[in-house]
file input_3.tsv (TSV, N, CA and C atoms)
chain	number	residue	atom	x	y	z
A	1	MET	N	0.85	-1.18	0.00
A	1	MET	CA	0.00	0.00	0.00
A	1	MET	C	0.90	1.24	0.00
A	2	GLY	N	0.55	2.20	-0.78
A	2	GLY	CA	1.36	3.41	-0.91
A	2	GLY	C	0.63	4.61	-0.34
A	3	ILE	N	0.76	5.69	-1.04
A	3	ILE	CA	0.20	6.97	-0.62
A	3	ILE	C	-1.25	7.06	-1.07
A	4	GLY	N	-2.18	7.18	-0.14
A	4	GLY	CA	-3.59	7.37	-0.48
A	4	GLY	C	-4.17	6.26	-1.33
A	5	GLY	N	-3.74	5.04	-1.14
A	5	GLY	CA	-4.27	3.92	-1.91
A	5	GLY	C	-3.54	3.68	-3.23
A	6	ILE	N	-2.50	4.44	-3.50
A	6	ILE	CA	-1.72	4.26	-4.72
A	6	ILE	C	-0.49	3.45	-4.37
A	7	SER	N	-0.28	2.37	-5.09
A	7	SER	CA	0.86	1.50	-4.78
A	7	SER	C	2.14	2.08	-5.36
A	8	ILE	N	3.25	1.57	-4.90
A	8	ILE	CA	4.56	2.02	-5.36
A	8	ILE	C	4.74	1.71	-6.84
A	9	TRP	N	4.16	0.61	-7.30
A	9	TRP	CA	4.28	0.22	-8.71
A	9	TRP	C	3.54	1.22	-9.61
A	10	GLN	N	2.40	1.68	-9.16
A	10	GLN	CA	1.66	2.67	-9.96
A	10	GLN	C	2.46	3.97	-10.04
A	11	LEU	N	3.09	4.37	-8.94
A	11	LEU	CA	3.92	5.57	-8.96
A	11	LEU	C	5.11	5.41	-9.91
A	12	LEU	N	5.73	4.25	-9.90
A	12	LEU	CA	6.86	4.00	-10.80
A	12	LEU	C	6.43	4.04	-12.26
A	13	ILE	N	5.27	3.48	-12.57
A	13	ILE	CA	4.76	3.49	-13.95
A	13	ILE	C	4.52	4.93	-14.40
A	14	VAL	N	3.92	5.74	-13.53
A	14	VAL	CA	3.67	7.15	-13.87
A	14	VAL	C	5.01	7.86	-14.08
A	15	LEU	N	6.00	7.60	-13.24
A	15	LEU	CA	7.31	8.21	-13.38
A	15	LEU	C	7.96	7.84	-14.71
A	16	VAL	N	7.86	6.59	-15.11
A	16	VAL	CA	8.44	6.15	-16.38
A	16	VAL	C	7.74	6.85	-17.55
A	17	ILE	N	6.42	6.96	-17.49
A	17	ILE	CA	5.67	7.63	-18.56
A	17	ILE	C	6.08	9.10	-18.64
A	18	VAL	N	6.21	9.77	-17.51
A	18	VAL	CA	6.62	11.18	-17.50
A	18	VAL	C	8.02	11.32	-18.08
A	19	LEU	N	8.92	10.43	-17.70
A	19	LEU	CA	10.28	10.47	-18.25
A	19	LEU	C	10.29	10.27	-19.76
A	20	LEU	N	9.46	9.35	-20.25
A	20	LEU	CA	9.40	9.12	-21.69
A	20	LEU	C	8.81	10.32	-22.43
A	21	LEU	N	7.82	10.97	-21.84
A	21	LEU	CA	7.19	12.12	-22.49
A	21	LEU	C	8.10	13.34	-22.52
A	22	PHE	N	8.72	13.65	-21.40
A	22	PHE	CA	9.47	14.89	-21.28
A	22	PHE	C	10.97	14.74	-21.44
A	23	GLY	N	11.52	13.60	-21.06
A	23	GLY	CA	12.96	13.42	-21.11
A	23	GLY	C	13.62	13.99	-19.85
A	24	THR	N	14.79	13.49	-19.54
A	24	THR	CA	15.45	13.88	-18.29
A	24	THR	C	15.94	15.32	-18.33
A	25	LYS	N	16.43	15.79	-19.50
A	25	LYS	CA	16.95	17.15	-19.59
A	25	LYS	C	15.83	18.17	-19.37
A	26	ARG	N	14.70	17.91	-19.99
A	26	ARG	CA	13.56	18.84	-19.85
A	26	ARG	C	13.03	18.83	-18.41
A	27	LEU	N	12.98	17.66	-17.79
A	27	LEU	CA	12.53	17.57	-16.39
A	27	LEU	C	13.50	18.29	-15.47
A	28	LYS	N	14.80	18.21	-15.79
A	28	LYS	CA	15.80	18.91	-14.97
A	28	LYS	C	15.58	20.41	-15.08
A	29	ASN	N	15.32	20.89	-16.29
A	29	ASN	CA	15.07	22.32	-16.49
A	29	ASN	C	13.79	22.76	-15.77
A	30	ILE	N	12.76	21.95	-15.84
A	30	ILE	CA	11.50	22.27	-15.16
A	30	ILE	C	11.74	22.32	-13.65
A	31	GLY	N	12.52	21.38	-13.14
A	31	GLY	CA	12.83	21.34	-11.71
A	31	GLY	C	13.62	22.56	-11.26
A	32	SER	N	14.60	22.96	-12.05
A	32	SER	CA	15.40	24.13	-11.67
A	32	SER	C	14.56	25.41	-11.78
A	33	ASP	N	13.69	25.49	-12.79
A	33	ASP	CA	12.80	26.66	-12.91
A	33	ASP	C	11.84	26.73	-11.73
A	34	LEU	N	11.32	25.59	-11.34
A	34	LEU	CA	10.41	25.55	-10.20
A	34	LEU	C	11.15	25.94	-8.92
A	35	GLY	N	12.37	25.46	-8.76
A	35	GLY	CA	13.18	25.82	-7.59
A	35	GLY	C	13.46	27.31	-7.54
A	36	SER	N	13.78	27.90	-8.69
A	36	SER	CA	14.02	29.34	-8.76
A	36	SER	C	12.77	30.13	-8.41
A	37	ALA	N	11.63	29.64	-8.87
A	37	ALA	CA	10.36	30.33	-8.58
A	37	ALA	C	10.06	30.29	-7.09
A	38	VAL	N	10.29	29.15	-6.46
A	38	VAL	CA	10.04	29.02	-5.02
A	38	VAL	C	11.00	29.92	-4.25
A	39	LYS	N	12.25	29.96	-4.67
A	39	LYS	CA	13.25	30.81	-4.02
A	39	LYS	C	12.86	32.27	-4.14
A	40	GLY	N	12.41	32.69	-5.33
A	40	GLY	CA	11.97	34.06	-5.54
A	40	GLY	C	10.76	34.40	-4.69
A	41	PHE	N	9.83	33.45	-4.56
A	41	PHE	CA	8.64	33.66	-3.75
A	41	PHE	C	9.01	33.84	-2.28
A	42	LYS	N	9.91	33.01	-1.79
A	42	LYS	CA	10.36	33.13	-0.40
A	42	LYS	C	11.05	34.47	-0.16
A	43	GLY	N	11.86	34.90	-1.13
A	43	GLY	CA	12.54	36.19	-1.01
A	43	GLY	C	11.55	37.34	-0.96
A	44	ALA	N	10.52	37.26	-1.80
A	44	ALA	CA	9.49	38.31	-1.81
A	44	ALA	C	8.72	38.33	-0.50
A	45	MET	N	8.44	37.17	0.05
A	45	MET	CA	7.74	37.10	1.34
A	45	MET	C	8.60	37.70	2.44
A	46	LYS	N	9.89	37.42	2.42
A	46	LYS	CA	10.81	37.96	3.43
A	46	LYS	C	10.89	39.48	3.32
A	47	ASP	N	10.98	39.98	2.07
A	47	ASP	CA	11.02	41.43	1.86
A	47	ASP	C	9.74	42.09	2.35
A	48	GLY	N	8.61	41.45	2.10
A	48	GLY	CA	7.32	41.98	2.56
A	48	GLY	C	7.24	42.04	4.07
A	49	GLU	N	7.74	41.00	4.73
A	49	GLU	CA	7.73	40.98	6.20
A	49	GLU	C	8.63	42.07	6.77
A	50	GLU	N	9.80	42.28	6.14
A	50	GLU	CA	10.71	43.34	6.60
A	50	GLU	C	10.08	44.71	6.41
A	51	ALA	N	9.38	44.90	5.30
A	51	ALA	CA	8.72	46.19	5.05
A	51	ALA	C	7.63	46.43	6.10
A	52	ASP	N	6.89	45.38	6.44
A	52	ASP	CA	5.86	45.51	7.47
A	52	ASP	C	6.47	45.87	8.82
A	53	LYS	N	7.59	45.24	9.17
A	53	LYS	CA	8.26	45.54	10.44
A	53	LYS	C	8.72	46.98	10.47
A	54	GLN	N	9.30	47.46	9.36
A	54	GLN	CA	9.77	48.84	9.31
A	54	GLN	C	8.60	49.81	9.44
A	55	ARG	N	7.48	49.49	8.78
A	55	ARG	CA	6.30	50.35	8.86
A	55	ARG	C	5.78	50.41	10.29
A	56	LEU	N	5.77	49.25	10.97
A	56	LEU	CA	5.31	49.21	12.36
A	56	LEU	C	6.24	50.00	13.28
A	57	GLU	N	7.55	49.88	13.05
A	57	GLU	CA	8.51	50.62	13.87
A	57	GLU	C	8.33	52.12	13.70
A	58	LYS	N	8.11	52.57	12.47
A	58	LYS	CA	7.89	54.00	12.23
A	58	LYS	C	6.61	54.47	12.91
A	59	THR	N	5.57	53.63	12.86
A	59	THR	CA	4.31	53.98	13.51
A	59	THR	C	4.50	54.08	15.01
A	60	ASP	N	5.23	53.12	15.59
A	60	ASP	CA	5.50	53.14	17.04
A	60	ASP	C	6.29	54.39	17.42
A	61	GLU	N	7.31	54.74	16.61
A	61	GLU	CA	8.11	55.93	16.89
A	61	GLU	C	7.24	57.19	16.83
A	62	ALA	N	6.32	57.25	15.87
A	62	ALA	CA	5.44	58.41	15.75
A	62	ALA	C	4.56	58.54	16.98
A	63	HIS	N	4.07	57.42	17.49
A	63	HIS	CA	3.23	57.46	18.69
A	63	HIS	C	4.04	57.91	19.90
A	64	VAL	N	5.28	57.47	20.01
A	64	VAL	CA	6.13	57.87	21.13
A	64	VAL	C	6.38	59.37	21.08
A	65	ILE	N	6.73	59.87	19.90
A	65	ILE	CA	7.00	61.30	19.76
A	65	ILE	C	5.72	62.10	20.07
A	66	GLU	N	4.60	61.63	19.55
A	66	GLU	CA	3.32	62.31	19.82
A	66	GLU	C	3.01	62.29	21.31
A	67	GLY	N	3.27	61.16	21.97
A	67	GLY	CA	3.03	61.05	23.41
A	67	GLY	C	3.93	61.99	24.20
A	68	GLU	N	5.19	62.13	23.78
A	68	GLU	CA	6.11	63.05	24.46
A	68	GLU	C	5.66	64.50	24.31
A	69	ILE	N	5.19	64.86	23.13
A	69	ILE	CA	4.71	66.22	22.90
A	69	ILE	C	3.50	66.50	23.77
A	70	ASN	N	2.57	65.56	23.81
A	70	ASN	CA	1.37	65.73	24.63
A	70	ASN	C	1.74	65.85	26.10
A	71	HIS	N	2.71	65.05	26.55
A	71	HIS	CA	3.14	65.07	27.95
A	71	HIS	C	3.77	66.44	28.27
A	72	LYS	N	4.60	66.96	27.38
A	72	LYS	CA	5.25	68.26	27.61
A	72	LYS	C	4.22	69.39	27.62
A	73	GLU	N	3.20	69.28	26.76
A	73	GLU	CA	2.16	70.30	26.74
A	73	GLU	C	1.36	70.30	28.03
A	74	LYS	N	1.12	69.13	28.59
A	74	LYS	CA	0.41	69.04	29.85
A	74	LYS	C	1.23	69.64	30.99
A	75	GLU	N	2.57	69.42	30.94
A	75	GLU	CA	3.44	69.98	31.98
A	75	GLU	C	3.44	71.50	31.96
A	76	LYS	N	3.34	72.07	30.76
A	76	LYS	CA	3.34	73.54	30.63
A	76	LYS	C	2.04	74.13	31.18
A	77	SER	N	0.96	73.40	31.10
A	77	SER	CA	-0.34	73.93	31.54
A	77	SER	C	-0.50	73.98	33.02

call {"tool": "encode", "arguments": {"input": "input_3.tsv", "output": "structure tokens"}}
result
Amino acid sequence: MGIGGISIWQLLIVLVIVLLLFGTKRLKNIGSDLGSAVKGFKGAMKDGEEADKQRLEKTDEAHVIEGEINHKEKEKS
């Protein structure tokens, strides 16, 4: 018994058919293209997270500065 009711022999037959249709060189190129796409996606996600962190830090700094101004104005009154 294999994955989800598919036996290992059925998987091997599908693999052989795919190899015959596409060839090893083309499959290698498809694999490297897919790997590059995943790498690019991860990089974009990381850049997005860093941008969000920077935006949050700037927002927090603005609130601190605003709070300090309000506190100083209260002291003057």

call {"tool": "atom_distance", "arguments": {"input": "input_3.tsv", "atom1": "CA of Thr59 in chain A", "atom2": "atom N of Gly43 in chain A"}}
result
25.2 Å

call {"tool": "atom_distance", "arguments": {"input": "input_3.tsv", "atom1": "atom N of Val14 in chain A", "atom2": "CA of Asn29 in chain A"}}
result
20.2 Å

call {"tool": "atom_distance", "arguments": {"input": "input_3.tsv", "atom1": "CA of Leu12 in chain A", "atom2": "CA of Thr24 in chain A"}}
result
15.1 Å

call {"tool": "axis_aligned_box", "arguments": {"input": "input_3.tsv", "around": "range 46-56 of chain A", "padding_each_side": "3 Å", "output": "AutoDock Vina command-line options"}}
result
--center_x 8.2 --center_y 43.9 --center_z 7.6 --size_x 11.7 --size_y 19.0 --size_z 17.4

call {"tool": "build_atoms", "arguments": {"input": "input_3.tsv", "residues": "range 11-29 of chain A", "atoms": "N, CA, C and O atoms", "output": "PDB file, in the coordinates of the input"}}
result
ATOM      1  N   LEU A  11       3.090   4.370  -8.940  1.00  0.00           N
ATOM      2  CA  LEU A  11       3.920   5.570  -8.960  1.00  0.00           C
ATOM      3  C   LEU A  11       5.110   5.410  -9.910  1.00  0.00           C
ATOM      4  O   LEU A  11       5.466   6.349 -10.629  1.00  0.00           O
ATOM      5  N   LEU A  12       5.730   4.250  -9.900  1.00  0.00           N
ATOM      6  CA  LEU A  12       6.860   4.000 -10.800  1.00  0.00           C
ATOM      7  C   LEU A  12       6.430   4.040 -12.260  1.00  0.00           C
ATOM      8  O   LEU A  12       7.154   4.564 -13.113  1.00  0.00           O
ATOM      9  N   ILE A  13       5.270   3.480 -12.570  1.00  0.00           N
ATOM     10  CA  ILE A  13       4.760   3.490 -13.950  1.00  0.00           C
ATOM     11  C   ILE A  13       4.520   4.930 -14.400  1.00  0.00           C
ATOM     12  O   ILE A  13       4.886   5.321 -15.503  1.00  0.00           O
ATOM     13  N   VAL A  14       3.920   5.740 -13.530  1.00  0.00           N
ATOM     14  CA  VAL A  14       3.670   7.150 -13.870  1.00  0.00           C
ATOM     15  C   VAL A  14       5.010   7.860 -14.080  1.00  0.00           C
ATOM     16  O   VAL A  14       5.157   8.647 -15.023  1.00  0.00           O
ATOM     17  N   LEU A  15       6.000   7.600 -13.240  1.00  0.00           N
ATOM     18  CA  LEU A  15       7.310   8.210 -13.380  1.00  0.00           C
ATOM     19  C   LEU A  15       7.960   7.840 -14.710  1.00  0.00           C
ATOM     20  O   LEU A  15       8.515   8.713 -15.400  1.00  0.00           O
ATOM     21  N   VAL A  16       7.860   6.590 -15.110  1.00  0.00           N
ATOM     22  CA  VAL A  16       8.440   6.150 -16.380  1.00  0.00           C
ATOM     23  C   VAL A  16       7.740   6.850 -17.550  1.00  0.00           C
ATOM     24  O   VAL A  16       8.390   7.310 -18.492  1.00  0.00           O
ATOM     25  N   ILE A  17       6.420   6.960 -17.490  1.00  0.00           N
ATOM     26  CA  ILE A  17       5.670   7.630 -18.560  1.00  0.00           C
ATOM     27  C   ILE A  17       6.080   9.100 -18.640  1.00  0.00           C
ATOM     28  O   ILE A  17       6.306   9.626 -19.738  1.00  0.00           O
ATOM     29  N   VAL A  18       6.210   9.770 -17.510  1.00  0.00           N
ATOM     30  CA  VAL A  18       6.620  11.180 -17.500  1.00  0.00           C
ATOM     31  C   VAL A  18       8.020  11.320 -18.080  1.00  0.00           C
ATOM     32  O   VAL A  18       8.292  12.240 -18.863  1.00  0.00           O
ATOM     33  N   LEU A  19       8.920  10.430 -17.700  1.00  0.00           N
ATOM     34  CA  LEU A  19      10.280  10.470 -18.250  1.00  0.00           C
ATOM     35  C   LEU A  19      10.290  10.270 -19.760  1.00  0.00           C
ATOM     36  O   LEU A  19      11.042  10.929 -20.479  1.00  0.00           O
ATOM     37  N   LEU A  20       9.460   9.350 -20.250  1.00  0.00           N
ATOM     38  CA  LEU A  20       9.400   9.120 -21.690  1.00  0.00           C
ATOM     39  C   LEU A  20       8.810  10.320 -22.430  1.00  0.00           C
ATOM     40  O   LEU A  20       9.250  10.659 -23.530  1.00  0.00           O
ATOM     41  N   LEU A  21       7.820  10.970 -21.840  1.00  0.00           N
ATOM     42  CA  LEU A  21       7.190  12.120 -22.490  1.00  0.00           C
ATOM     43  C   LEU A  21       8.100  13.340 -22.520  1.00  0.00           C
ATOM     44  O   LEU A  21       8.201  14.030 -23.533  1.00  0.00           O
ATOM     45  N   PHE A  22       8.720  13.650 -21.400  1.00  0.00           N
ATOM     46  CA  PHE A  22       9.470  14.890 -21.280  1.00  0.00           C
ATOM     47  C   PHE A  22      10.970  14.740 -21.440  1.00  0.00           C
ATOM     48  O   PHE A  22      11.659  15.678 -21.827  1.00  0.00           O
ATOM     49  N   GLY A  23      11.520  13.600 -21.060  1.00  0.00           N
ATOM     50  CA  GLY A  23      12.960  13.420 -21.110  1.00  0.00           C
ATOM     51  C   GLY A  23      13.620  13.990 -19.850  1.00  0.00           C
ATOM     52  O   GLY A  23      13.072  14.871 -19.194  1.00  0.00           O
ATOM     53  N   THR A  24      14.790  13.490 -19.540  1.00  0.00           N
ATOM     54  CA  THR A  24      15.450  13.880 -18.290  1.00  0.00           C
ATOM     55  C   THR A  24      15.940  15.320 -18.330  1.00  0.00           C
ATOM     56  O   THR A  24      15.875  16.028 -17.336  1.00  0.00           O
ATOM     57  N   LYS A  25      16.430  15.790 -19.500  1.00  0.00           N
ATOM     58  CA  LYS A  25      16.950  17.150 -19.590  1.00  0.00           C
ATOM     59  C   LYS A  25      15.830  18.170 -19.370  1.00  0.00           C
ATOM     60  O   LYS A  25      15.986  19.141 -18.637  1.00  0.00           O
ATOM     61  N   ARG A  26      14.700  17.910 -19.990  1.00  0.00           N
ATOM     62  CA  ARG A  26      13.560  18.840 -19.850  1.00  0.00           C
ATOM     63  C   ARG A  26      13.030  18.830 -18.410  1.00  0.00           C
ATOM     64  O   ARG A  26      12.679  19.871 -17.864  1.00  0.00           O
ATOM     65  N   LEU A  27      12.980  17.660 -17.790  1.00  0.00           N
ATOM     66  CA  LEU A  27      12.530  17.570 -16.390  1.00  0.00           C
ATOM     67  C   LEU A  27      13.500  18.290 -15.470  1.00  0.00           C
ATOM     68  O   LEU A  27      13.081  18.947 -14.509  1.00  0.00           O
ATOM     69  N   LYS A  28      14.800  18.210 -15.790  1.00  0.00           N
ATOM     70  CA  LYS A  28      15.800  18.910 -14.970  1.00  0.00           C
ATOM     71  C   LYS A  28      15.580  20.410 -15.080  1.00  0.00           C
ATOM     72  O   LYS A  28      15.623  21.129 -14.076  1.00  0.00           O
ATOM     73  N   ASN A  29      15.320  20.890 -16.290  1.00  0.00           N
ATOM     74  CA  ASN A  29      15.070  22.320 -16.490  1.00  0.00           C
ATOM     75  C   ASN A  29      13.790  22.760 -15.770  1.00  0.00           C
ATOM     76  O   ASN A  29      13.763  23.837 -15.161  1.00  0.00           O
TER      77      ASN A  29
END
